[in-house]
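Have a look at upload07.tsv below; it lists TSV, C-alpha atoms.
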chain	number	residue	atom	x	y	z
A	1	MET	CA	-28.06	32.49	96.97
A	2	LYS	CA	-27.80	32.48	100.73
A	3	THR	CA	-30.55	35.12	100.94
A	4	ILE	CA	-32.83	33.10	98.63
A	5	HIS	CA	-32.15	29.97	100.67
A	6	HIS	CA	-33.11	31.82	103.87
A	7	LEU	CA	-36.25	33.14	102.22
A	8	VAL	CA	-37.26	29.65	101.16
A	9	LEU	CA	-36.67	28.32	104.66
A	10	ALA	CA	-38.61	31.22	106.19
A	11	ALA	CA	-41.52	30.66	103.80
A	12	ALA	CA	-41.53	26.94	104.60
A	13	ALA	CA	-41.52	27.71	108.31
A	14	LEU	CA	-44.40	30.13	107.90
A	15	SER	CA	-46.32	27.57	105.88
A	16	ALA	CA	-45.74	24.87	108.51
A	17	SER	CA	-46.73	27.29	111.24
A	18	ALA	CA	-49.93	28.24	109.41
A	19	GLN	CA	-50.72	24.56	108.82
A	20	ALA	CA	-50.18	23.79	112.50
A	21	ALA	CA	-52.45	26.69	113.47
A	22	ASP	CA	-55.08	25.41	111.05
A	23	ASN	CA	-55.06	22.06	112.87
A	24	VAL	CA	-55.68	23.59	116.31
A	25	VAL	CA	-59.31	23.59	117.47
A	26	ARG	CA	-60.26	25.88	120.36
A	27	LEU	CA	-63.07	24.16	122.27
A	28	GLY	CA	-65.35	25.64	124.93
A	29	ASN	CA	-66.94	23.16	127.35
A	30	LEU	CA	-68.85	22.92	130.64
A	31	LYS	CA	-68.09	20.71	133.65
A	32	PHE	CA	-71.01	18.26	133.66
A	33	ALA	CA	-71.03	14.46	133.49
A	34	HIS	CA	-72.81	14.38	130.14
A	35	TYR	CA	-70.21	16.75	128.62
A	36	GLY	CA	-67.54	14.10	129.25
A	37	ALA	CA	-67.28	12.68	125.74
A	38	VAL	CA	-66.78	16.18	124.35
A	39	SER	CA	-64.01	16.76	126.88
A	40	TYR	CA	-62.40	13.43	125.89
A	41	ILE	CA	-61.95	14.64	122.28
A	42	LYS	CA	-58.73	16.42	123.31
A	43	GLU	CA	-57.27	13.11	124.54
A	44	ILE	CA	-57.59	11.40	121.15
A	45	ALA	CA	-57.18	14.51	118.99
A	46	PRO	CA	-53.57	13.72	117.95
A	47	LYS	CA	-54.80	10.44	116.41
A	48	CYS	CA	-57.29	12.52	114.40
A	49	GLY	CA	-54.52	14.80	113.13
A	50	ILE	CA	-55.53	17.81	115.22
A	51	LYS	CA	-54.82	19.49	118.53
A	52	VAL	CA	-57.75	20.49	120.75
A	53	GLU	CA	-57.36	23.25	123.31
A	54	GLU	CA	-60.20	22.94	125.82
A	55	ASN	CA	-61.45	25.87	127.88
A	56	MET	CA	-63.97	25.31	130.67
A	57	PHE	CA	-66.79	27.80	131.30
A	58	ALA	CA	-69.38	28.22	134.07
A	59	LYS	CA	-72.42	28.27	131.78
A	60	GLY	CA	-73.50	28.11	128.15
A	61	PRO	CA	-73.91	31.87	127.52
A	62	ASP	CA	-70.24	32.32	128.50
A	63	VAL	CA	-69.31	29.89	125.72
A	64	MET	CA	-71.37	31.95	123.29
A	65	GLN	CA	-69.57	35.13	124.34
A	66	ALA	CA	-66.20	33.48	123.73
A	67	ILE	CA	-67.29	32.41	120.25
A	68	LEU	CA	-68.57	35.94	119.55
A	69	SER	CA	-65.22	37.41	120.57
A	70	GLY	CA	-63.39	34.99	118.27
A	71	ASP	CA	-61.73	33.03	121.08
A	72	LEU	CA	-63.36	29.67	120.29
A	73	ASP	CA	-64.00	27.57	117.18
A	74	VAL	CA	-66.35	25.01	118.74
A	75	GLY	CA	-68.53	25.06	121.85
A	76	ALA	CA	-70.58	22.56	123.84
A	77	THR	CA	-73.69	24.01	125.39
A	78	ALA	CA	-77.38	23.54	126.03
A	79	SER	CA	-79.66	24.36	123.11
A	80	GLU	CA	-81.09	27.45	124.84
A	81	ALA	CA	-77.70	29.18	124.96
A	82	ALA	CA	-77.04	28.30	121.33
A	83	ILE	CA	-80.47	29.53	120.22
A	84	SER	CA	-80.31	32.82	122.15
A	85	GLY	CA	-76.74	33.30	120.94
A	86	ARG	CA	-77.78	32.87	117.31
A	87	ALA	CA	-80.85	35.08	117.87
A	88	ASN	CA	-78.62	37.88	119.08
A	89	GLY	CA	-76.06	37.74	116.30
A	90	ALA	CA	-73.63	34.94	117.17
A	91	PRO	CA	-72.30	33.54	113.86
A	92	ILE	CA	-72.70	29.86	114.76
A	93	TYR	CA	-74.05	26.61	113.37
A	94	ILE	CA	-75.33	23.65	115.38
A	95	VAL	CA	-73.36	20.69	114.01
A	96	ALA	CA	-74.31	17.83	116.37
A	97	GLY	CA	-76.05	16.82	119.59
A	98	PHE	CA	-74.00	15.15	122.31
A	99	ALA	CA	-76.36	14.31	125.20
A	100	LYS	CA	-80.08	14.11	125.97
A	101	GLY	CA	-82.01	14.95	129.12
A	102	GLY	CA	-79.73	16.10	131.92
A	103	ALA	CA	-82.33	17.95	133.98
A	104	ARG	CA	-84.26	17.22	137.15
A	105	LEU	CA	-86.59	19.15	139.43
A	106	VAL	CA	-85.29	18.44	142.93
A	107	ALA	CA	-86.97	19.55	146.17
A	108	ARG	CA	-86.15	19.49	149.85
A	109	PRO	CA	-87.46	16.23	151.36
A	110	ASP	CA	-89.20	18.17	154.14
A	111	GLY	CA	-90.86	20.74	151.87
A	112	GLY	CA	-94.01	18.85	150.95
A	113	ILE	CA	-93.38	19.31	147.22
A	114	LYS	CA	-94.64	16.27	145.33
A	115	SER	CA	-95.50	17.88	141.97
A	116	VAL	CA	-95.03	21.09	139.98
A	117	LYS	CA	-98.33	22.43	141.36
A	118	ASP	CA	-96.84	22.31	144.85
A	119	LEU	CA	-94.28	24.96	143.84
A	120	LYS	CA	-96.90	27.66	144.40
A	121	GLY	CA	-95.64	30.03	147.08
A	122	LYS	CA	-92.17	28.48	147.00
A	123	LYS	CA	-88.65	29.65	146.17
A	124	VAL	CA	-87.20	27.78	143.21
A	125	GLY	CA	-83.59	28.08	142.09
A	126	VAL	CA	-82.33	27.82	138.51
A	127	THR	CA	-79.34	28.99	136.49
A	128	ARG	CA	-80.18	31.86	134.18
A	129	GLY	CA	-79.43	31.33	130.50
A	130	GLY	CA	-79.53	27.53	130.40
A	131	ILE	CA	-82.03	25.00	129.09
A	132	HIS	CA	-83.04	24.36	132.71
A	133	GLU	CA	-84.55	27.84	132.86
A	134	VAL	CA	-86.59	27.10	129.72
A	135	LEU	CA	-87.74	23.75	131.12
A	136	LEU	CA	-88.73	25.31	134.46
A	137	TYR	CA	-90.83	28.00	132.79
A	138	ALA	CA	-92.40	25.48	130.41
A	139	GLN	CA	-93.44	23.37	133.41
A	140	LEU	CA	-94.80	26.35	135.35
A	141	ALA	CA	-96.75	27.57	132.31
A	142	LYS	CA	-98.13	24.07	131.73
A	143	HIS	CA	-99.50	24.03	135.28
A	144	GLY	CA	-100.86	27.60	135.16
A	145	LEU	CA	-98.35	29.08	137.57
A	146	SER	CA	-96.89	32.57	137.22
A	147	TRP	CA	-93.30	33.37	138.13
A	148	SER	CA	-90.98	36.26	138.83
A	149	ASP	CA	-87.52	36.91	140.25
A	150	SER	CA	-89.18	38.96	142.97
A	151	ALA	CA	-92.05	38.17	145.34
A	152	GLY	CA	-95.61	38.68	144.15
A	153	LYS	CA	-96.11	35.85	141.67
A	154	ASP	CA	-97.01	32.19	142.29
A	155	VAL	CA	-93.37	31.11	142.20
A	156	HIS	CA	-90.37	33.16	143.35
A	157	VAL	CA	-87.50	32.25	140.99
A	158	ILE	CA	-83.97	32.78	142.28
A	159	TYR	CA	-81.05	32.70	139.85
A	160	LEU	CA	-77.85	31.01	140.97
A	161	ALA	CA	-74.89	29.33	139.28
A	162	PHE	CA	-75.17	25.55	138.86
A	163	ALA	CA	-72.43	25.13	141.45
A	164	ASP	CA	-74.42	27.11	144.05
A	165	LEU	CA	-77.87	25.56	143.64
A	166	ASN	CA	-77.15	22.43	145.69
A	167	GLN	CA	-75.65	24.45	148.54
A	168	ALA	CA	-78.73	26.71	148.64
A	169	LEU	CA	-81.03	23.68	148.76
A	170	LEU	CA	-78.91	22.05	151.45
A	171	GLY	CA	-78.99	25.28	153.48
A	172	LYS	CA	-82.80	25.43	153.07
A	173	ASN	CA	-82.55	28.81	151.34
A	174	LEU	CA	-84.52	27.29	148.46
A	175	ASP	CA	-87.47	24.92	148.39
A	176	ALA	CA	-86.62	23.35	145.03
A	177	ILE	CA	-84.09	23.59	142.19
A	178	MET	CA	-84.09	22.77	138.49
A	179	GLN	CA	-80.63	21.25	138.31
A	180	SER	CA	-78.22	19.59	135.90
A	181	GLU	CA	-76.19	16.38	136.23
A	182	PRO	CA	-74.37	15.10	138.21
A	183	GLN	CA	-75.42	17.76	140.73
A	184	SER	CA	-79.06	16.66	140.91
A	185	SER	CA	-78.00	13.04	141.45
A	186	GLN	CA	-75.60	14.18	144.17
A	187	ALA	CA	-78.37	16.08	145.98
A	188	ILE	CA	-80.59	13.00	145.94
A	189	ASN	CA	-77.85	10.53	146.89
A	190	LYS	CA	-76.68	12.72	149.78
A	191	GLY	CA	-80.23	12.95	151.11
A	192	PHE	CA	-80.84	16.71	151.03
A	193	GLY	CA	-82.86	16.51	147.81
A	194	MET	CA	-85.62	14.34	146.37
A	195	GLU	CA	-86.71	14.03	142.77
A	196	VAL	CA	-89.99	15.72	141.94
A	197	MET	CA	-89.79	14.99	138.22
A	198	LYS	CA	-87.66	14.82	135.11
A	199	PRO	CA	-89.12	17.71	133.09
A	200	TYR	CA	-89.48	16.02	129.73
A	201	ASP	CA	-93.25	16.18	129.21
A	202	THR	CA	-93.33	19.58	127.48
A	203	PRO	CA	-93.18	20.05	123.69
A	204	ILE	CA	-89.37	20.11	123.97
A	205	GLY	CA	-89.25	16.54	125.29
A	206	GLU	CA	-85.74	15.54	126.35
A	207	PRO	CA	-83.54	18.57	125.64
A	208	VAL	CA	-80.55	17.77	123.43
A	209	ARG	CA	-77.22	19.41	124.27
A	210	THR	CA	-75.69	21.04	121.22
A	211	LEU	CA	-72.24	21.14	119.69
A	212	VAL	CA	-71.87	24.48	117.90
A	213	MET	CA	-69.23	25.67	115.48
A	214	SER	CA	-68.40	29.20	114.40
A	215	GLU	CA	-69.47	29.93	110.83
A	216	LYS	CA	-65.90	31.02	110.07
A	217	PHE	CA	-64.42	27.70	111.24
A	218	TYR	CA	-67.14	25.68	109.48
A	219	LYS	CA	-66.66	27.48	106.18
A	220	GLU	CA	-62.94	28.29	106.11
A	221	ASN	CA	-61.34	25.31	107.92
A	222	ARG	CA	-63.40	22.47	106.47
A	223	ALA	CA	-60.62	19.88	106.63
A	224	THR	CA	-59.91	20.55	110.31
A	225	ALA	CA	-63.63	20.79	111.09
A	226	ALA	CA	-64.15	17.38	109.47
A	227	LYS	CA	-61.28	15.88	111.53
A	228	PHE	CA	-62.80	17.36	114.69
A	229	MET	CA	-66.21	15.84	113.94
A	230	ASN	CA	-64.55	12.48	113.24
A	231	CYS	CA	-62.89	12.75	116.66
A	232	PHE	CA	-66.22	13.72	118.28
A	233	VAL	CA	-67.92	10.61	116.89
A	234	GLN	CA	-65.04	8.39	118.04
A	235	ALA	CA	-65.08	9.83	121.57
A	236	THR	CA	-68.86	9.55	121.84
A	237	LYS	CA	-68.88	5.99	120.50
A	238	LEU	CA	-66.27	5.00	123.12
A	239	PHE	CA	-68.34	6.51	125.95
A	240	ILE	CA	-71.52	4.81	124.71
A	241	ASP	CA	-69.89	1.40	124.09
A	242	ASN	CA	-67.49	1.35	127.04
A	243	LYS	CA	-69.29	2.74	130.08
A	244	ALA	CA	-66.36	1.93	132.37
A	245	ALA	CA	-63.98	4.04	130.29
A	246	GLY	CA	-66.46	6.93	130.27
A	247	GLU	CA	-66.99	6.69	134.02
A	248	LYS	CA	-63.25	6.57	134.73
A	249	TYR	CA	-62.56	9.66	132.63
A	250	VAL	CA	-65.45	11.74	134.01
A	251	ARG	CA	-64.97	10.79	137.66
A	252	GLU	CA	-61.17	10.86	137.80
A	253	THR	CA	-60.10	13.39	135.17
A	254	MET	CA	-63.00	15.85	135.00
A	255	PHE	CA	-64.24	15.71	138.61
A	256	LYS	CA	-61.03	14.62	140.41
A	257	ASN	CA	-62.95	11.88	142.27
A	258	GLN	CA	-65.44	14.39	143.71
A	259	ILE	CA	-68.41	12.37	142.48
A	260	THR	CA	-69.19	8.77	143.40
A	261	LYS	CA	-69.86	5.83	141.13
A	262	ASP	CA	-73.57	6.09	142.02
A	263	ASP	CA	-73.56	9.81	141.22
A	264	PHE	CA	-72.08	9.13	137.79
A	265	GLU	CA	-74.35	6.20	136.96
A	266	ASP	CA	-77.49	8.09	138.05
A	267	ALA	CA	-76.37	11.17	136.14
A	268	ILE	CA	-75.73	9.36	132.85
A	269	ALA	CA	-78.96	7.37	133.20
A	270	ASN	CA	-80.67	10.78	133.10
A	271	SER	CA	-78.40	12.28	130.42
A	272	PRO	CA	-77.29	9.60	127.92
A	273	TYR	CA	-74.68	10.43	125.30
A	274	THR	CA	-75.79	10.84	121.69
A	275	TYR	CA	-74.53	12.18	118.35
A	276	ASP	CA	-77.67	13.51	116.80
A	277	ILE	CA	-79.74	16.67	116.64
A	278	SER	CA	-82.73	17.56	114.48
A	279	ILE	CA	-84.00	20.76	112.91
A	280	GLU	CA	-87.42	19.97	114.40
A	281	HIS	CA	-86.08	19.75	117.97
A	282	ILE	CA	-84.27	23.07	117.72
A	283	GLN	CA	-87.30	24.77	116.16
A	284	THR	CA	-89.61	23.47	118.90
A	285	THR	CA	-87.19	24.62	121.60
A	286	THR	CA	-86.99	28.04	119.93
A	287	ASP	CA	-90.79	28.28	119.84
A	288	VAL	CA	-91.09	27.41	123.56
A	289	MET	CA	-88.42	29.99	124.41
A	290	ALA	CA	-90.32	32.66	122.47
A	291	LYS	CA	-93.57	31.70	124.19
A	292	THR	CA	-92.10	31.77	127.71
A	293	GLY	CA	-89.91	34.83	127.13
A	294	THR	CA	-86.57	33.16	127.82
A	295	GLY	CA	-83.33	33.89	126.04
A	296	LYS	CA	-84.05	37.56	125.30
A	297	MET	CA	-84.08	36.82	121.59
A	298	ARG	CA	-83.82	39.80	119.28
A	299	VAL	CA	-85.14	37.73	116.37
A	300	PRO	CA	-85.97	34.04	117.00
A	301	PRO	CA	-83.78	32.12	114.55
A	302	VAL	CA	-85.24	29.63	112.04
A	303	ALA	CA	-83.69	26.24	112.79
A	304	LYS	CA	-83.32	25.09	109.18
A	305	ASP	CA	-81.05	28.08	108.49
A	306	TRP	CA	-78.38	27.12	111.01
A	307	VAL	CA	-78.61	23.42	111.93
A	308	LYS	CA	-75.89	21.89	109.72
A	309	THR	CA	-75.32	18.16	110.25
A	310	ASP	CA	-73.42	17.35	107.03
A	311	LEU	CA	-70.02	17.02	108.78
A	312	LEU	CA	-71.59	14.77	111.42
A	313	GLU	CA	-73.19	12.52	108.81
A	314	GLN	CA	-69.88	12.24	106.93
A	315	ALA	CA	-68.02	11.34	110.13
A	316	LYS	CA	-70.62	8.73	111.15
A	317	LYS	CA	-70.56	7.17	107.70
A	318	SER	CA	-66.74	6.98	107.60
A	319	LEU	CA	-66.74	5.26	111.01
A	320	SER	CA	-69.76	3.01	110.25
A	321	VAL	CA	-71.73	4.48	113.15
A	322	GLN	CA	-75.52	4.40	112.96
Represent the structure of the file as structure tokens.
Amino acid sequence: MKTIHHLVLAAAALSASAQAADNVVRLGNLKFAHYGAVSYIKEIAPKCGIKVEENMFAKGPDVMQAILSGDLDVGATASEAAISGRANGAPIYIVAGFAKGGARLVARPDGGIKSVKDLKGKKVGVTRGGIHEVLLYAQLAKHGLSWSDSAGKDVHVIYLAFADLNQALLGKNLDAIMQSEPQSSQAINKGFGMEVMKPYDTPIGEPVRTLVMSEKFYKENRATAAKFMNCFVQATKLFIDNKAAGEKYVRETMFKNQITKDDFEDAIANSPYTYDISIEHIQTTTDVMAKTGTGKMRVPPVAKDWVKTDLLEQAKKSLSVQ
């Protein structure tokens, strides 16, 4: 009897352990102002009946690699990284959008760059593998400029991490940068950068940042996935409705007071939070990537096959969010 009792207890413990593991969501995120609501999910996760383990990455393709290796269930990234990831075999679905915009072409104030056409003969910095690279190339193509990562074309493109672009502009090693937020706002507010444009007049429009989920998590852990999406909608609604709460969390918790109130406000004005994503937007972005040769796509994915917003719609409906 004692042996049976121990077996029952052991089985119950295993079941509880498996259930607890099922309720853990491994989230990959990036350190940008407009990724703040996604980061906040972990703070309210216990109320949603889950635990969220957040891992920060330097850029979107790194998030894709972590999903490919099975280390993440959900990732926040720009659409370009999601699209190129899917094109090259990453088993992911786009399940929501979480921010729009978030890009700015910033030039040195003394460089005489007033428009995209003025980039001819200049050095322009961008982070490889992000939506900013796609937007830069779309702008250059629109204005008939050629580009290369070596000299010889109209524009000399230099690839640097987001964190290094501002320093290179400040040090006058670059003439302009296609930068994210809040870094572009910081460059402008500190006086070593000036806005040339917000690059939203290509077919892509305002790029939407994407929340992606592994196919395995989406299909096999539906209950936990649904709880996570409910938490995502709650966090996003809070940041949209209560700007002070969003600012406090991003400035104090994410950036440890390294960005000012003006930096935050300017950044979010250029990258507002959202919930939504459309098949059409992802397909257009994919088409522009194919046309400009970004993303190194083995086979450009068809958006309708992997944009799955059913969990988002359920969560919004349950919380009466439009």
(request) Using only C-alpha atoms, find all polymer residues with an atom at most 12 Å away from the point (-84.9, 25.9, 146.9); report them as a ChimeraX atom specification. (result) /A:105-111,113,119,121-126,155-160,164-179,187,192-194
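Between CA of Tyr137 (chain A) and CA of Thr292 (chain A) there is a distance of 6.5 Å.
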(message) Using all atoms listed in the file, can you tell me which of A:Glu54, A:Asp149, A:Glu313, A:Asp62 comes closest to Val233 (chain A)?
(response)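 Counting all atoms listed in the file, the residue closest to Val233 (chain A) is A:Glu313.
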(message) Between A:Ala99, A:Val24, A:Ala37, A:Ala81, which residue has the minimum interatomic distance to Lys237 (chain A), considering only C-alpha atoms?
(response)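 Among the listed residues, A:Ala37 lies closest to Lys237 (chain A).
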(request) Determine the nearest neighbour of Ala141 (chain A) from the options A:Arg86, A:Lys51, A:Lys291, A:Lys216, counting all atoms listed in the file. (result)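 Comparing A:Arg86, A:Lys51, A:Lys291, A:Lys216 against Ala141 (chain A), the winner is A:Lys291.
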(request) Mind giving me the straight-line distance from CA of Phe162 (chain A) to CA of Thr127 (chain A) in Å, one decimal? (result)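 Straight-line distance from CA of Phe162 (chain A) to CA of Thr127 (chain A) works out to 5.9 Å.
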(message) Just checking: using only C-alpha atoms, which residue out of A:Thr210, A:Ser146, A:Asn230, A:Thr294 ends up closest to Asn29 (chain A)?
(response) A:Thr210
(message) Using Å and a single decimal, report how far CA of Ile131 (chain A) sits from CA of Gly144 (chain A).
(response)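 According to the coordinates, CA of Gly144 (chain A) and CA of Ile131 (chain A) are separated by 20.0 Å.
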(message) Calculated over only C-alpha atoms, which of the candidates A:Lys304, A:Lys59, A:Lys256, A:Lys261 has the smallest distance to Lys243 (chain A)?
(response) A:Lys261
(message) Using only C-alpha atoms for the distances, tell me which of A:Arg26, A:Lys100, A:Lys47, A:Lys219 is nearest to Gly70 (chain A).
(response)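 Ranked by minimum distance to Gly70 (chain A), first place goes to A:Arg26.
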Residues near Phe264 (chain A), cut-off 10 Å, only C-alpha atoms, skip fewer than 2 positions along chain, as a PDB file with C-alpha atoms, in the coordinates of the input:
ATOM      1  CA  ALA A  33     -71.030  14.460 133.490  1.00  0.00           C
ATOM      2  CA  HIS A  34     -72.810  14.380 130.140  1.00  0.00           C
ATOM      3  CA  GLU A 181     -76.190  16.380 136.230  1.00  0.00           C
ATOM      4  CA  PRO A 182     -74.370  15.100 138.210  1.00  0.00           C
ATOM      5  CA  GLN A 183     -75.420  17.760 140.730  1.00  0.00           C
ATOM      6  CA  SER A 185     -78.000  13.040 141.450  1.00  0.00           C
ATOM      7  CA  GLN A 186     -75.600  14.180 144.170  1.00  0.00           C
ATOM      8  CA  GLY A 246     -66.460   6.930 130.270  1.00  0.00           C
ATOM      9  CA  GLU A 247     -66.990   6.690 134.020  1.00  0.00           C
ATOM     10  CA  LYS A 248     -63.250   6.570 134.730  1.00  0.00           C
ATOM     11  CA  VAL A 250     -65.450  11.740 134.010  1.00  0.00           C
ATOM     12  CA  ARG A 251     -64.970  10.790 137.660  1.00  0.00           C
ATOM     13  CA  ILE A 259     -68.410  12.370 142.480  1.00  0.00           C
ATOM     14  CA  THR A 260     -69.190   8.770 143.400  1.00  0.00           C
ATOM     15  CA  LYS A 261     -69.860   5.830 141.130  1.00  0.00           C
ATOM     16  CA  ASP A 262     -73.570   6.090 142.020  1.00  0.00           C
ATOM     17  CA  ASP A 266     -77.490   8.090 138.050  1.00  0.00           C
ATOM     18  CA  ALA A 267     -76.370  11.170 136.140  1.00  0.00           C
ATOM     19  CA  ILE A 268     -75.730   9.360 132.850  1.00  0.00           C
ATOM     20  CA  ALA A 269     -78.960   7.370 133.200  1.00  0.00           C
ATOM     21  CA  ASN A 270     -80.670  10.780 133.100  1.00  0.00           C
TER      22      ASN A 270
END
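Non-sequential neighbours of His143 (chain A) (distance at most 8 Å, separation of 2 or more positions within a chain, all atoms listed in the file) are Val116, Lys117, Gln139, Leu140, Ala141 and Leu145 of chain A.
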